[in-house]
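The next block is start-v3.pdb, given as PDB, C-alpha atoms.
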```
ATOM      1  CA  MET C   1       0.008  -7.438 -10.402
ATOM      2  CA  ASP C   2      -3.508  -5.996 -10.657
ATOM      3  CA  ILE C   3      -4.342  -2.451  -9.572
ATOM      4  CA  PHE C   4      -7.411  -1.496  -7.544
ATOM      5  CA  PRO C   5      -9.831   0.411  -9.835
ATOM      6  CA  GLU C   6      -9.440   4.183  -9.792
ATOM      7  CA  SER C   7     -13.001   4.539 -11.030
ATOM      8  CA  PRO C   8     -15.513   4.922  -9.465
ATOM      9  CA  VAL C   9     -13.939   7.643  -7.355
ATOM     10  CA  PRO C  10     -14.832   7.505  -3.647
ATOM     11  CA  VAL C  11     -16.567  10.474  -2.031
ATOM     12  CA  TYR C  12     -13.942  10.877   0.689
ATOM     13  CA  PRO C  13     -10.208  10.273   0.616
ATOM     14  CA  ALA C  14      -9.140   6.767   1.528
ATOM     15  CA  VAL C  15      -8.553   6.044   5.192
ATOM     16  CA  ILE C  16      -4.976   4.753   5.183
ATOM     17  CA  THR C  17      -3.820   3.195   8.444
ATOM     18  CA  PRO C  18      -0.189   2.249   9.083
ATOM     19  CA  VAL C  19       0.040  -1.071  10.935
ATOM     20  CA  TRP C  20       3.110  -1.990  13.000
ATOM     21  CA  LYS C  21       3.844  -5.286  14.724
ATOM     22  CA  THR C  22       5.184  -4.559  18.200
ATOM     23  CA  LEU C  23       5.712  -7.128  20.947
ATOM     24  CA  ILE C  24       5.025  -5.598  24.351
ATOM     25  CA  SER C  25       6.046  -7.344  27.582
ATOM     26  CA  ASP C  26       4.917  -5.987  30.940
ATOM     27  CA  TYR C  27       7.278  -5.990  33.919
ATOM     28  CA  GLU C  28       5.922  -6.882  37.337
ATOM     29  CA  GLU C  29       7.170  -3.513  38.638
ATOM     30  CA  GLY C  30       4.927  -1.710  36.144
ATOM     31  CA  GLY C  31       7.295  -0.955  33.255
ATOM     32  CA  GLU C  32       7.268  -2.555  29.874
ATOM     33  CA  GLN C  33       9.632  -3.659  27.147
ATOM     34  CA  ARG C  34       8.807  -3.164  23.469
ATOM     35  CA  ARG C  35      10.311  -4.787  20.411
ATOM     36  CA  SER C  36       9.352  -4.118  16.815
ATOM     37  CA  LYS C  37       8.818  -7.245  14.685
ATOM     38  CA  TRP C  38       8.594  -5.345  11.376
ATOM     39  CA  MET C  39      11.089  -2.767  10.128
ATOM     40  CA  PHE C  40       8.426  -1.090   7.996
ATOM     41  CA  ALA C  41       4.699  -0.512   8.354
ATOM     42  CA  LYS C  42       2.055  -2.266   6.320
ATOM     43  CA  TYR C  43      -0.938  -0.157   5.338
ATOM     44  CA  ASP C  44      -4.627  -1.009   5.645
ATOM     45  CA  VAL C  45      -7.059   0.963   3.481
ATOM     46  CA  THR C  46     -10.769   1.747   3.726
ATOM     47  CA  GLN C  47     -12.517   3.243   0.696
ATOM     48  CA  GLN C  48     -16.092   4.482   1.105
ATOM     49  CA  TYR C  49     -18.500   5.149  -1.745
ATOM     50  CA  LYS C  50     -21.587   7.196  -0.834
ATOM     51  CA  ASN C  51     -22.891   7.995  -4.319
ATOM     52  CA  ILE C  52     -22.026   4.958  -6.370
ATOM     53  CA  ASP C  53     -24.110   3.994  -9.388
ATOM     54  CA  GLU C  54     -24.799   0.501 -10.724
ATOM     55  CA  ARG C  55     -21.912   0.684 -13.213
ATOM     56  CA  GLY C  56     -19.436   1.663 -10.475
ATOM     57  CA  ALA C  57     -20.672  -1.080  -8.145
ATOM     58  CA  ARG C  58     -20.290  -3.604 -10.963
ATOM     59  CA  ILE C  59     -16.666  -2.505 -11.595
ATOM     60  CA  LEU C  60     -15.771  -3.036  -7.933
ATOM     61  CA  TRP C  61     -17.702  -6.325  -7.679
ATOM     62  CA  ASP C  62     -15.978  -7.670 -10.802
ATOM     63  CA  PHE C  63     -12.584  -6.698  -9.365
ATOM     64  CA  TYR C  64     -13.432  -8.441  -6.065
ATOM     65  CA  MET C  65     -14.414 -11.582  -7.967
ATOM     66  CA  ALA C  66     -11.280 -11.457 -10.150
ATOM     67  CA  GLN C  67      -9.165 -11.329  -6.977
ATOM     68  CA  LYS C  68     -11.093 -14.344  -5.606
ATOM     69  CA  GLY C  69     -11.917 -12.471  -2.416
ATOM     70  CA  ALA C  70      -8.888 -12.262  -0.131
ATOM     71  CA  ASN C  71      -6.851 -14.683  -2.263
ATOM     72  CA  LYS C  72      -4.885 -12.409  -4.593
ATOM     73  CA  THR C  73      -2.602  -9.508  -3.825
ATOM     74  CA  PHE C  74      -2.953  -6.249  -5.766
ATOM     75  CA  TYR C  75      -1.807  -2.623  -5.619
ATOM     76  CA  PHE C  76      -3.829   0.296  -4.367
ATOM     77  CA  PHE C  77      -2.634   3.821  -5.206
ATOM     78  CA  ASP C  78      -3.604   6.687  -2.933
ATOM     79  CA  PHE C  79      -5.463   9.392  -4.856
ATOM     80  CA  TYR C  80      -3.685  12.184  -2.980
ATOM     81  CA  THR C  81      -0.095  13.385  -2.884
ATOM     82  CA  PHE C  82       1.542  13.325   0.553
ATOM     83  CA  ASN C  83       5.045  13.279   2.020
ATOM     84  CA  HIS C  84       6.235   9.749   2.797
ATOM     85  CA  LYS C  85       9.286   9.007   4.955
ATOM     86  CA  GLU C  86      11.492   5.913   5.205
ATOM     87  CA  MET C  87       9.496   3.863   2.712
ATOM     88  CA  TYR C  88      10.892   0.437   1.889
ATOM     89  CA  VAL C  89      12.117   0.102  -1.698
ATOM     90  CA  GLY C  90      13.950  -3.226  -1.631
ATOM     91  CA  THR C  91      16.922  -5.256  -0.482
ATOM     92  CA  GLY C  92      19.997  -5.504  -2.661
ATOM     93  CA  ASP C  93      21.025  -8.897  -4.011
ATOM     94  CA  GLY C  94      24.194  -7.866  -5.835
ATOM     95  CA  SER C  95      22.641  -8.297  -9.287
ATOM     96  CA  MET C  96      19.370  -6.313  -9.490
ATOM     97  CA  ALA C  97      19.962  -2.643 -10.312
ATOM     98  CA  THR C  98      16.414  -1.318 -10.845
ATOM     99  CA  PHE C  99      13.813  -1.115  -8.065
ATOM    100  CA  ASP C 100      10.246   0.164  -7.905
ATOM    101  CA  ILE C 101       9.603   3.169  -5.684
ATOM    102  CA  PRO C 102       6.426   2.523  -3.631
ATOM    103  CA  GLY C 103       4.622   5.402  -5.334
ATOM    104  CA  ARG C 104       3.978   7.259  -8.532
ATOM    105  CA  LEU C 105       4.168  10.895  -9.532
ATOM    106  CA  THR C 106       7.006  11.122  -7.015
ATOM    107  CA  GLY C 107       9.146  14.164  -6.336
ATOM    108  CA  ALA C 108      11.320  15.640  -3.548
ATOM    109  CA  ARG C 109      13.025  12.250  -3.293
ATOM    110  CA  LYS C 110      15.857  11.255  -0.944
ATOM    111  CA  LEU C 111      17.339   7.788  -1.302
ATOM    112  CA  TYR C 112      18.997   5.833   1.518
ATOM    113  CA  ILE C 113      21.072   2.660   1.630
ATOM    114  CA  ASN C 114      21.229   1.102   5.097
ATOM    115  CA  GLY C 115      19.956   4.399   6.529
ATOM    116  CA  ALA C 116      22.668   6.615   4.960
ATOM    117  CA  GLU C 117      21.539   9.139   2.329
ATOM    118  CA  THR C 118      22.879   8.339  -1.131
ATOM    119  CA  THR C 119      23.212  11.146  -3.680
ATOM    120  CA  THR C 120      25.153   9.561  -6.571
ATOM    121  CA  GLY C 121      25.257   6.335  -8.549
ATOM    122  CA  PHE C 122      21.579   6.174  -9.474
ATOM    123  CA  SER C 123      18.849   7.880 -11.470
ATOM    124  CA  TYR C 124      15.097   8.118 -11.097
ATOM    125  CA  LEU C 125      12.758   6.810 -13.795
ATOM    126  CA  SER C 126       9.238   8.141 -14.156
ATOM    127  CA  GLY C 127       6.771   5.244 -14.378
ATOM    128  CA  GLY C 128       7.628   1.843 -15.801
ATOM    129  CA  GLY C 129       7.384  -0.062 -12.526
ATOM    130  CA  ASP C 130       4.656  -2.403 -11.343
ATOM    131  CA  GLY C 131       1.390  -0.469 -11.627
ATOM    132  CA  ASN C 132       3.337   2.273 -13.409
ATOM    133  CA  ALA C 133       5.200   3.111 -10.202
ATOM    134  CA  ASP C 134       8.291   5.283 -10.480
ATOM    135  CA  ARG C 135      11.646   3.519 -10.277
ATOM    136  CA  VAL C 136      15.214   4.017  -9.159
ATOM    137  CA  GLN C 137      18.014   2.618 -11.320
ATOM    138  CA  PHE C 138      21.505   2.152  -9.871
ATOM    139  CA  THR C 139      24.631   2.278 -12.030
ATOM    140  CA  ALA C 140      25.906  -0.691  -9.983
ATOM    141  CA  ALA C 141      23.560  -3.107  -8.211
ATOM    142  CA  PRO C 142      23.423  -2.640  -4.425
ATOM    143  CA  ALA C 143      25.312  -5.329  -2.527
ATOM    144  CA  SER C 144      23.488  -8.317  -1.113
ATOM    145  CA  GLY C 145      21.582  -7.458   2.067
ATOM    146  CA  GLN C 146      21.694  -3.663   1.656
ATOM    147  CA  ILE C 147      18.316  -2.143   2.558
ATOM    148  CA  ILE C 148      17.091   0.604   0.239
ATOM    149  CA  THR C 149      14.581   3.164   1.518
ATOM    150  CA  ILE C 150      13.281   6.470   0.224
ATOM    151  CA  ASP C 151      11.578   9.680   1.296
ATOM    152  CA  PHE C 152       9.296  11.134  -1.371
ATOM    153  CA  THR C 153       6.282  13.261  -2.092
ATOM    154  CA  GLY C 154       3.713  11.515  -4.247
ATOM    155  CA  CYS C 155       0.883   8.995  -4.412
ATOM    156  CA  LEU C 156       1.657   6.004  -2.183
ATOM    157  CA  ARG C 157       1.463   2.491  -3.675
ATOM    158  CA  ILE C 158       0.141  -0.057  -1.186
ATOM    159  CA  LYS C 159       0.391  -3.811  -1.665
ATOM    160  CA  CYS C 160      -2.823  -5.294  -0.278
ATOM    161  CA  ARG C 161      -5.685  -7.766  -0.564
ATOM    162  CA  PHE C 162      -9.378  -7.666   0.282
ATOM    163  CA  GLU C 163      -9.913  -8.086   4.017
ATOM    164  CA  GLN C 164     -12.997 -10.266   3.623
ATOM    165  CA  ASP C 165     -12.958 -13.530   1.736
ATOM    166  CA  LYS C 166     -16.679 -14.231   1.823
ATOM    167  CA  LEU C 167     -19.169 -11.564   0.735
ATOM    168  CA  ASP C 168     -22.419 -11.966  -1.136
ATOM    169  CA  ARG C 169     -23.084  -9.357  -3.807
ATOM    170  CA  GLU C 170     -25.844  -7.599  -1.876
ATOM    171  CA  ASN C 171     -23.742  -7.179   1.274
ATOM    172  CA  PHE C 172     -20.781  -6.118  -0.847
ATOM    173  CA  ILE C 173     -22.845  -3.266  -2.302
ATOM    174  CA  VAL C 174     -24.310  -2.356   1.114
ATOM    175  CA  ASN C 175     -20.761  -2.236   2.525
ATOM    176  CA  LEU C 176     -19.753   0.203  -0.231
ATOM    177  CA  PHE C 177     -22.359   2.663   1.090
ATOM    178  CA  ARG C 178     -22.162   2.082   4.850
ATOM    179  CA  TYR C 179     -18.687   0.919   5.776
ATOM    180  CA  GLY C 180     -16.579   1.017   2.636
ATOM    181  CA  ILE C 181     -14.285  -1.601   1.188
ATOM    182  CA  LYS C 182     -11.567  -2.748   3.550
ATOM    183  CA  LEU C 183      -8.178  -3.683   2.140
ATOM    184  CA  LYS C 184      -5.504  -5.418   4.220
ATOM    185  CA  GLY C 185      -1.850  -4.472   3.741
ATOM    186  CA  VAL C 186       0.478  -7.385   3.000
TER     187      VAL C 186
END
```
Would it be possible to restate this file's structure as structure tokens?
Amino acid sequence: MDIFPESPVPVYPAVITPVWKTLISDYEEGGEQRRSKWMFAKYDVTQQYKNIDERGARILWDFYMAQKGANKTFYFFDFYTFNHKEMYVGTGDGSMATFDIPGRLTGARKLYINGAETTTGFSYLSGGGDGNADRVQFTAAPASGQIITIDFTGCLRIKCRFEQDKLDRENFIVNLFRYGIKLKGV
């Protein structure tokens, strides 16, 4: 899968917004009931470029065109290291033993299977995953249906696409300066 260009570097850090899908029903008496539709957040990203040169604009435009607007999914890596909690790694199928961690340059890791911390039976691999993400390798593949999550410190990897499918080149470049590029988590 392609990776969003790390050059040109934006002036400000990316605005990363967790998005949850919650159904909210109002009661006639004034209360409400809430139910989460997603177990894990998706992340939208806005990158703004105040001082971009022609070469940098061309790199981003070419990437937009290669993705065919909003058509293709790609990875965006946060430029900054933060603490991330309860990040989805994967679901066991009984045969796959190696999973990508949703980040790179990860440290201070805690691995969970079905919400219970796991301390043995696996090792961490630096890089090698999609987009050079770090990985976790189990000595025995997790059973089918087991949900694997992780806490870590590092640069978050976000699976996303361009929010807009139709942009002319001039408005694309204007958006870089004024509003930034908007990426939609998938």
> Leaving out C:Asp78 and any residue of its chain fewer than 3 positions from it, which residues lie within 8 Å of it when counting all atoms listed in the file, given as a PyMOL selection string?
Replying inline: chain C and resi 14+81+155-158
Residue members of the PyMOL selection byres ((chain C and resi 122) around 10) in the file shown, as a compact mmCIF listing (two decimals) with C-alpha atoms, keeping the file's coordinate frame:
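Below you can see selection-v2.txt, which holds the result:
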```txt
# COMPACT_ATOMS: atom_id res chain seq x y z
CA ALA C 97 19.96 -2.64 -10.31
CA THR C 98 16.41 -1.32 -10.84
CA LEU C 111 17.34 7.79 -1.30
CA THR C 118 22.88 8.34 -1.13
CA THR C 119 23.21 11.15 -3.68
CA THR C 120 25.15 9.56 -6.57
CA GLY C 121 25.26 6.34 -8.55
CA SER C 123 18.85 7.88 -11.47
CA TYR C 124 15.10 8.12 -11.10
CA LEU C 125 12.76 6.81 -13.80
CA VAL C 136 15.21 4.02 -9.16
CA GLN C 137 18.01 2.62 -11.32
CA PHE C 138 21.50 2.15 -9.87
CA THR C 139 24.63 2.28 -12.03
CA ALA C 140 25.91 -0.69 -9.98
CA ALA C 141 23.56 -3.11 -8.21
```
>> Here is a test: counting only C-alpha atoms, which residue of C:Tyr75, C:Tyr12, C:Tyr112, C:Phe40 is nearest to C:Cys160?
In response: C:Tyr75
What residues have an atom no more than 7 Å from (-23.9, -6.2, -7.0) in the file's own frame, counting all atoms listed in the file, and can you write them as a PDB file with C-alpha atoms, in the frame of the given file?
```pdb
ATOM      1  CA  ALA C  57     -20.672  -1.080  -8.145  1.00  0.00           C
ATOM      2  CA  ARG C  58     -20.290  -3.604 -10.963  1.00  0.00           C
ATOM      3  CA  TRP C  61     -17.702  -6.325  -7.679  1.00  0.00           C
ATOM      4  CA  ARG C 169     -23.084  -9.357  -3.807  1.00  0.00           C
ATOM      5  CA  GLU C 170     -25.844  -7.599  -1.876  1.00  0.00           C
ATOM      6  CA  PHE C 172     -20.781  -6.118  -0.847  1.00  0.00           C
ATOM      7  CA  ILE C 173     -22.845  -3.266  -2.302  1.00  0.00           C
TER       8      ILE C 173
END
```
>> Using all atoms listed in the file, can you tell me which of C:Thr22, C:Ser7, C:Gln67, C:Ser36 comes closest to C:Glu163?
In response: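 Smallest separation from C:Glu163 among the options: C:Gln67.
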> Got a sec: who's within 8 Å of C:Gly180, counting all atoms listed in the file, leaving out chain neighbours fewer than 3 positions off, as a PyMOL selection string?
Replying inline: chain C and resi 46-49+175-177
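For the pair atom CA of C:Ile24 and atom CA of C:Asp44, the separation is 21.5 Å.
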> Using all atoms listed in the file, which of the listed residues (C:Asp151, C:Glu54, C:Glu6, C:Asp165) sits closest to C:His84?
Replying inline: C:Asp151
> Which polymer residues have any atom within 12 Å of an atom of C:Tyr88, counting all atoms listed in the file, with same-chain residues fewer than 5 positions away left out, as a PyMOL selection string?
Replying inline: chain C and resi 38-42+99-103+111-115+146-152+156-159
>> For the PyMOL selection byres ((chain C and resi 131) around 8), applied here, can you spell out every residue it catches as number ranges by chain?
In response: C: 1-3, 75, 128-130, 132-133
Generate the output file for the selected residues, C-alpha atoms, as a CSV table (one decimal), keeping the file's coordinate frame.
```
chain,number,residue,atom,x,y,z
C,1,MET,CA,0.0,-7.4,-10.4
C,2,ASP,CA,-3.5,-6.0,-10.7
C,3,ILE,CA,-4.3,-2.5,-9.6
C,75,TYR,CA,-1.8,-2.6,-5.6
C,128,GLY,CA,7.6,1.8,-15.8
C,129,GLY,CA,7.4,-0.1,-12.5
C,130,ASP,CA,4.7,-2.4,-11.3
C,132,ASN,CA,3.3,2.3,-13.4
C,133,ALA,CA,5.2,3.1,-10.2
```
>> One number please: atom CA of C:Phe162 to atom CA of C:Asn51, in Å, one decimal.
In response: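 If I compute the distance from atom CA of C:Phe162 to atom CA of C:Asn51, I get 21.2 Å.
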>> Taking all atoms listed in the file into account, name the residue in C:Val19, C:Asp62, C:Val89, C:Lys166 that is nearest to C:Lys37.
In response: C:Val19
